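For reference, the structure is listed below as structure tokens.
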Amino acid sequence: MSPASDGGLSRGRIWQVSLLSTLLIVATLVAASLQASRLFEESLRPDLRAKAETLAETVALNFRRAADLGIPVTRLGAADAYLDDAAAGHEELRYIGFASPEGRMLYASRELKTRPESFFERMQQAHAHEESQGLAHLEGALDLAYPVESRGRVIGRLHLGIDEGYVDQRLQEIHTDILITLFVTALVTIEVLMALMGLLVVRPLRLLHRLLALGSAGDFTRQARLRLHDEATRALAAAARLVRGLNVRHVALTERAAQSRRSGKLAQAVEQALAALGEQFRFGDPKAPAALEEPETGDLRLPLFIYLFGSELSRSFWPLYVKQLYQPGPFFSESFIVALPMSLWVTAMVLCTPLGGRLLNTRGSRVALLAGMVPSALGLALTGQSSSLAELFLWRMVTAGGYGIVTATALLHVARTSRQSHVARSMGVFVGASTAASVCGTAIGGILADRIGYGATFGVAAGLVCLSMVLVGLLTPDSGPREPAEHRPVAAYLGILKRGRVLLFILLAAMPVRLVLTGFLFFLTPLRLHELGFSEAAIGRLMMGSFISTVFATPVVSLLADRYGWHRGMMLVGGGSSGLGVLLFASAEGSWPLLVSVLLVGLGQALAATPLLASVPPLFAEECAGFGLDALLSVFRIIERVGSLAGPLIAAALLSAGGFVRSAHAIGAGMLVLTAGLAAYLFVRSLHSSPPTP
């Protein structure tokens, strides 16, 4: 069996085992979730009634005290405001009212005052015909009538309206959170199992096969470095001990032959046998053998996924967290301050990215990864404990600097350890880990923030980064230092920027995609959803839709674009989809229209960004020949980072100037205008296209 087919078979077996294990785990969780949901639903309605009765007893206490002091209940001037305060903070309550013993409503909270007189008549009729004493169904609410007594006589009744829709809404949210948790569990399980299967099963068996193949060819110079102790590794260790024993015996035999040669007792036949042995077999030094194992792309799969998972937990609620610490000042608006950390993140990440390559060249991959993960863990932990914006900005930049080092190191590690024929597949390790982490982190981060708060969620994120550090130490072999590559002079990059057609294409195609991603999706979307009353968990669910749309659309877009040559058309459709999604989001209010708009934005990101780099060589063949494709792509990436930096600031300026709806309209319309400009640019280029110069 060839190595290629063997690798394909191994990947197929890994997928089969991972999917089967994931299905069993998810099936068990589904059964447990259904049982828990049923029990919760059975207990929720009685618990709501018990809570309403407790609140009614507390409110009734003040009316009872007034009556005991001799104050008539008809002369409590501040009772309406008191009922408003009592109803505030209880989402399940529609209203609170106080009625006389005859049924006439004396005091009412703000919502109940808007009801017509006929509503109070229906309230009395409902309680008269309701079998359950003190509780009646009334226009989508459960009206709880609680008698207020003073000195042995009833002085009135409190009416509390329990929203029946609240129960259904809470159950729907819980069911949605369960589904999302199951989906995230499946993704995490697949990622973990694939990484562990590769490390614990496939790699030891592959190394064993290689060791035996070298032995059959007479090469006993290499040894496997064992990092774990399991069944597959024990088999490899047994073969390694045999090879080590042969090397020890060869050294001993060589030393004895040398002693005999010095004493003149070595026979000619023995010398010929040793020479023949050296020609047929190769032996190594048992004390310092050559390494059989080399760093691979799969080494980073699990640590990188855990690290990115922790880094993405704050994606859905970050603007809300910054807004919570904002204090009004004379110089900067609230929207600008909320957007500033997102731009500082991009700046710190870009500045620290070259440090990852420098550490990789001088210290090796393991040291470079740990050097980035340590400040990330520290920054996340202290971000959750920040008490001022200055502390928040500082620790956010520390986290971003570590993020830039880790991602740069991971990309370079993957590029250096992948075979030339499998570069795209190897890059899938980084892309797959980042996309899966974005989906999982955005959803779970919103749920955690809604349940345990912002600070604790940042603590969980720091814990995940620490776990990734442990995995790097256990699972990732050091690639060793390497001499730094020769850098291209800065003049080459400036020369590319002087080409007007290149710069215009970047401004029309690359930058708008990043502006929509960071300015609209990461900045404006959480703020708008929070303004519409969505919880952090609901915000995470809606934003996750964009990432899921991107994840599933990207491979399809890549396949169609490569097969039919639709790269330019895909970019135009993607720009239009992003613009329409932003415009729809500006006017949508319900959950489903908002979800559709977010899905359109995610689909637009996949359509516009995926074929972008593939369009560069045919469009700019002359620049690729003169400056090099790597320099041209580097310029594209730099301008994209500028777009990521400017996106939140532009969105904040628009938000301060005209509010959310106008700012979203400006971003959506601007995206459509830039897409039309890109279409005109590509059309003009097609009219003047000429065969590229070799």
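Naming scheme: A, B, ... for chains in displayed order of the structure tokens; residues 1 onward per chain; ligands 1 onward as shown.
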
Practice problem: Tell me, as a ChimeraX atom specification, which residues lie within 9 Å of His530 (chain A), counting only C-alpha atoms; anything in the same chain fewer than 6 positions away does not count. | Solution: /A:320,536,539

Take the residues that were just selected and, keeping N, CA and C atoms, output them as a PDB file, in the first residue's frame.
ATOM      1  N   LEU A 320     -20.856  45.177  24.368  1.00  0.00           N
ATOM      2  CA  LEU A 320     -21.695  45.394  25.544  1.00  0.00           C
ATOM      3  C   LEU A 320     -20.848  45.486  26.804  1.00  0.00           C
ATOM      4  N   GLU A 536     -27.663  38.168  25.972  1.00  0.00           N
ATOM      5  CA  GLU A 536     -26.347  37.818  25.440  1.00  0.00           C
ATOM      6  C   GLU A 536     -26.378  36.476  24.739  1.00  0.00           C
ATOM      7  N   ILE A 539     -27.967  36.966  21.354  1.00  0.00           N
ATOM      8  CA  ILE A 539     -27.028  37.651  20.459  1.00  0.00           C
ATOM      9  C   ILE A 539     -26.006  36.658  19.915  1.00  0.00           C
TER      10      ILE A 539
END

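Residues of region 95-175 of chain A that DSSP places in alpha helix (DSSP H), based on the backbone of this structure, are Arg110, Glu111, Leu112, Lys113, Glu117, Ser118, Phe119, Phe120, Glu121, Arg122, Met123, Gln124, Gln125, Ala126, His127, Ala128, His129, Glu164, Gly165, Tyr166, Val167, Asp168, Gln169, Arg170, Leu171, Gln172, Glu173, Ile174 and His175 of chain A.
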
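Residues within 12 Å of Val460 (chain A), counting only C-alpha atoms and excluding same-chain residues fewer than 6 positions away, are Ile306, Tyr307, Phe309, Gly310, Ser311, Glu312, Leu313, Ser314, Ala377, Leu380, Ala381, Leu382, Thr383, Gly384, Gly441, Ile444, Gly445, Leu448, Ala449, Ile452, Gly453, Tyr454, Cys466 and Leu467 of chain A.
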
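Close contacts of region 651-663 of chain A, defined as residues with an atom at most 8 Å away when counting only C-alpha atoms, with chain neighbours fewer than 5 positions off set aside, comprise Ser333, Ser335, Phe336, Val338, Ala339, Gly519, Phe520, Phe523, Leu524, Arg528, Ala586 and Ser587 of chain A.
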
Exercise. Figure out the distance between CA of Leu599 (chain A) and CA of Val26 (chain A), please, to one decimal in Å.
Key: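 Rounded to one decimal, the two atoms are 25.4 Å apart.
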
Self-check item: Selection near region 57-69 of chain A, 7 Å with only C-alpha atoms, sequence-local residues under 3 positions removed, as a ChimeraX atom specification
Solution: /A:53-54,72-73,148-150

Using all heavy atoms, can you export the residues from the last selection as a JSON list (two decimals), in the first residue's frame?
[["chain", "number", "residue", "atom", "x", "y", "z"],
["A", 53, "GLU", "N", -46.78, 34.91, 44.05],
["A", 53, "GLU", "CA", -47.41, 34.98, 45.37],
["A", 53, "GLU", "C", -46.46, 35.60, 46.39],
["A", 53, "GLU", "O", -46.89, 36.36, 47.26],
["A", 53, "GLU", "CB", -47.82, 33.58, 45.80],
["A", 53, "GLU", "CG", -49.01, 33.02, 45.01],
["A", 53, "GLU", "CD", -49.34, 31.60, 45.42],
["A", 53, "GLU", "OE1", -48.50, 30.99, 46.13],
["A", 53, "GLU", "OE2", -50.41, 31.10, 45.03],
["A", 54, "THR", "N", -45.17, 35.28, 46.29],
["A", 54, "THR", "CA", -44.20, 35.89, 47.20],
["A", 54, "THR", "C", -44.12, 37.39, 46.99],
["A", 54, "THR", "O", -44.07, 38.18, 47.96],
["A", 54, "THR", "CB", -42.82, 35.25, 46.98],
["A", 54, "THR", "OG1", -42.91, 33.84, 47.18],
["A", 54, "THR", "CG2", -41.80, 35.84, 47.94],
["A", 72, "PRO", "N", -56.74, 55.37, 55.02],
["A", 72, "PRO", "CA", -57.63, 54.69, 54.08],
["A", 72, "PRO", "C", -56.88, 54.30, 52.80],
["A", 72, "PRO", "O", -56.03, 55.04, 52.30],
["A", 72, "PRO", "CB", -58.70, 55.74, 53.79],
["A", 72, "PRO", "CG", -58.63, 56.69, 54.93],
["A", 72, "PRO", "CD", -57.20, 56.73, 55.34],
["A", 73, "VAL", "N", -57.19, 53.13, 52.28],
["A", 73, "VAL", "CA", -56.50, 52.64, 51.08],
["A", 73, "VAL", "C", -56.85, 53.48, 49.86],
["A", 73, "VAL", "O", -56.16, 53.42, 48.84],
["A", 73, "VAL", "CB", -56.85, 51.16, 50.82],
["A", 73, "VAL", "CG1", -56.29, 50.27, 51.90],
["A", 73, "VAL", "CG2", -58.36, 50.98, 50.69],
["A", 148, "VAL", "N", -55.73, 41.21, 50.40],
["A", 148, "VAL", "CA", -54.96, 41.98, 51.38],
["A", 148, "VAL", "C", -55.87, 42.22, 52.59],
["A", 148, "VAL", "O", -56.94, 42.80, 52.47],
["A", 148, "VAL", "CB", -54.49, 43.33, 50.78],
["A", 148, "VAL", "CG1", -53.68, 44.10, 51.81],
["A", 148, "VAL", "CG2", -53.69, 43.10, 49.51],
["A", 149, "GLU", "N", -55.43, 41.73, 53.74],
["A", 149, "GLU", "CA", -56.25, 41.81, 54.95],
["A", 149, "GLU", "C", -55.59, 42.73, 55.97],
["A", 149, "GLU", "O", -54.37, 42.85, 56.03],
["A", 149, "GLU", "CB", -56.44, 40.42, 55.56],
["A", 149, "GLU", "CG", -57.19, 39.46, 54.64],
["A", 149, "GLU", "CD", -57.38, 38.10, 55.30],
["A", 149, "GLU", "OE1", -56.86, 37.93, 56.44],
["A", 149, "GLU", "OE2", -58.02, 37.23, 54.70],
["A", 150, "SER", "N", -56.45, 43.38, 56.76],
["A", 150, "SER", "CA", -55.99, 44.21, 57.87],
["A", 150, "SER", "C", -56.98, 44.09, 59.02],
["A", 150, "SER", "O", -58.18, 44.37, 58.84],
["A", 150, "SER", "CB", -55.87, 45.68, 57.44],
["A", 150, "SER", "OG", -55.52, 46.50, 58.53]]

Practice problem: Go through A:Gly643, A:Gly545, A:Gly533, A:Gly402 one by one, measure the shortest atom-to-atom distance of each to Ala443 (chain A) using only C-alpha atoms, and give the residue with the smallest value. | Solution: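 Counting only C-alpha atoms, the residue closest to Ala443 (chain A) is A:Gly545.
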
Quiz item: Do you have the CA of Thr347 (chain A)-CA of Val406 (chain A) distance handy?
Solution: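 Going from CA of Thr347 (chain A) over to CA of Val406 (chain A), I get 15.3 Å.
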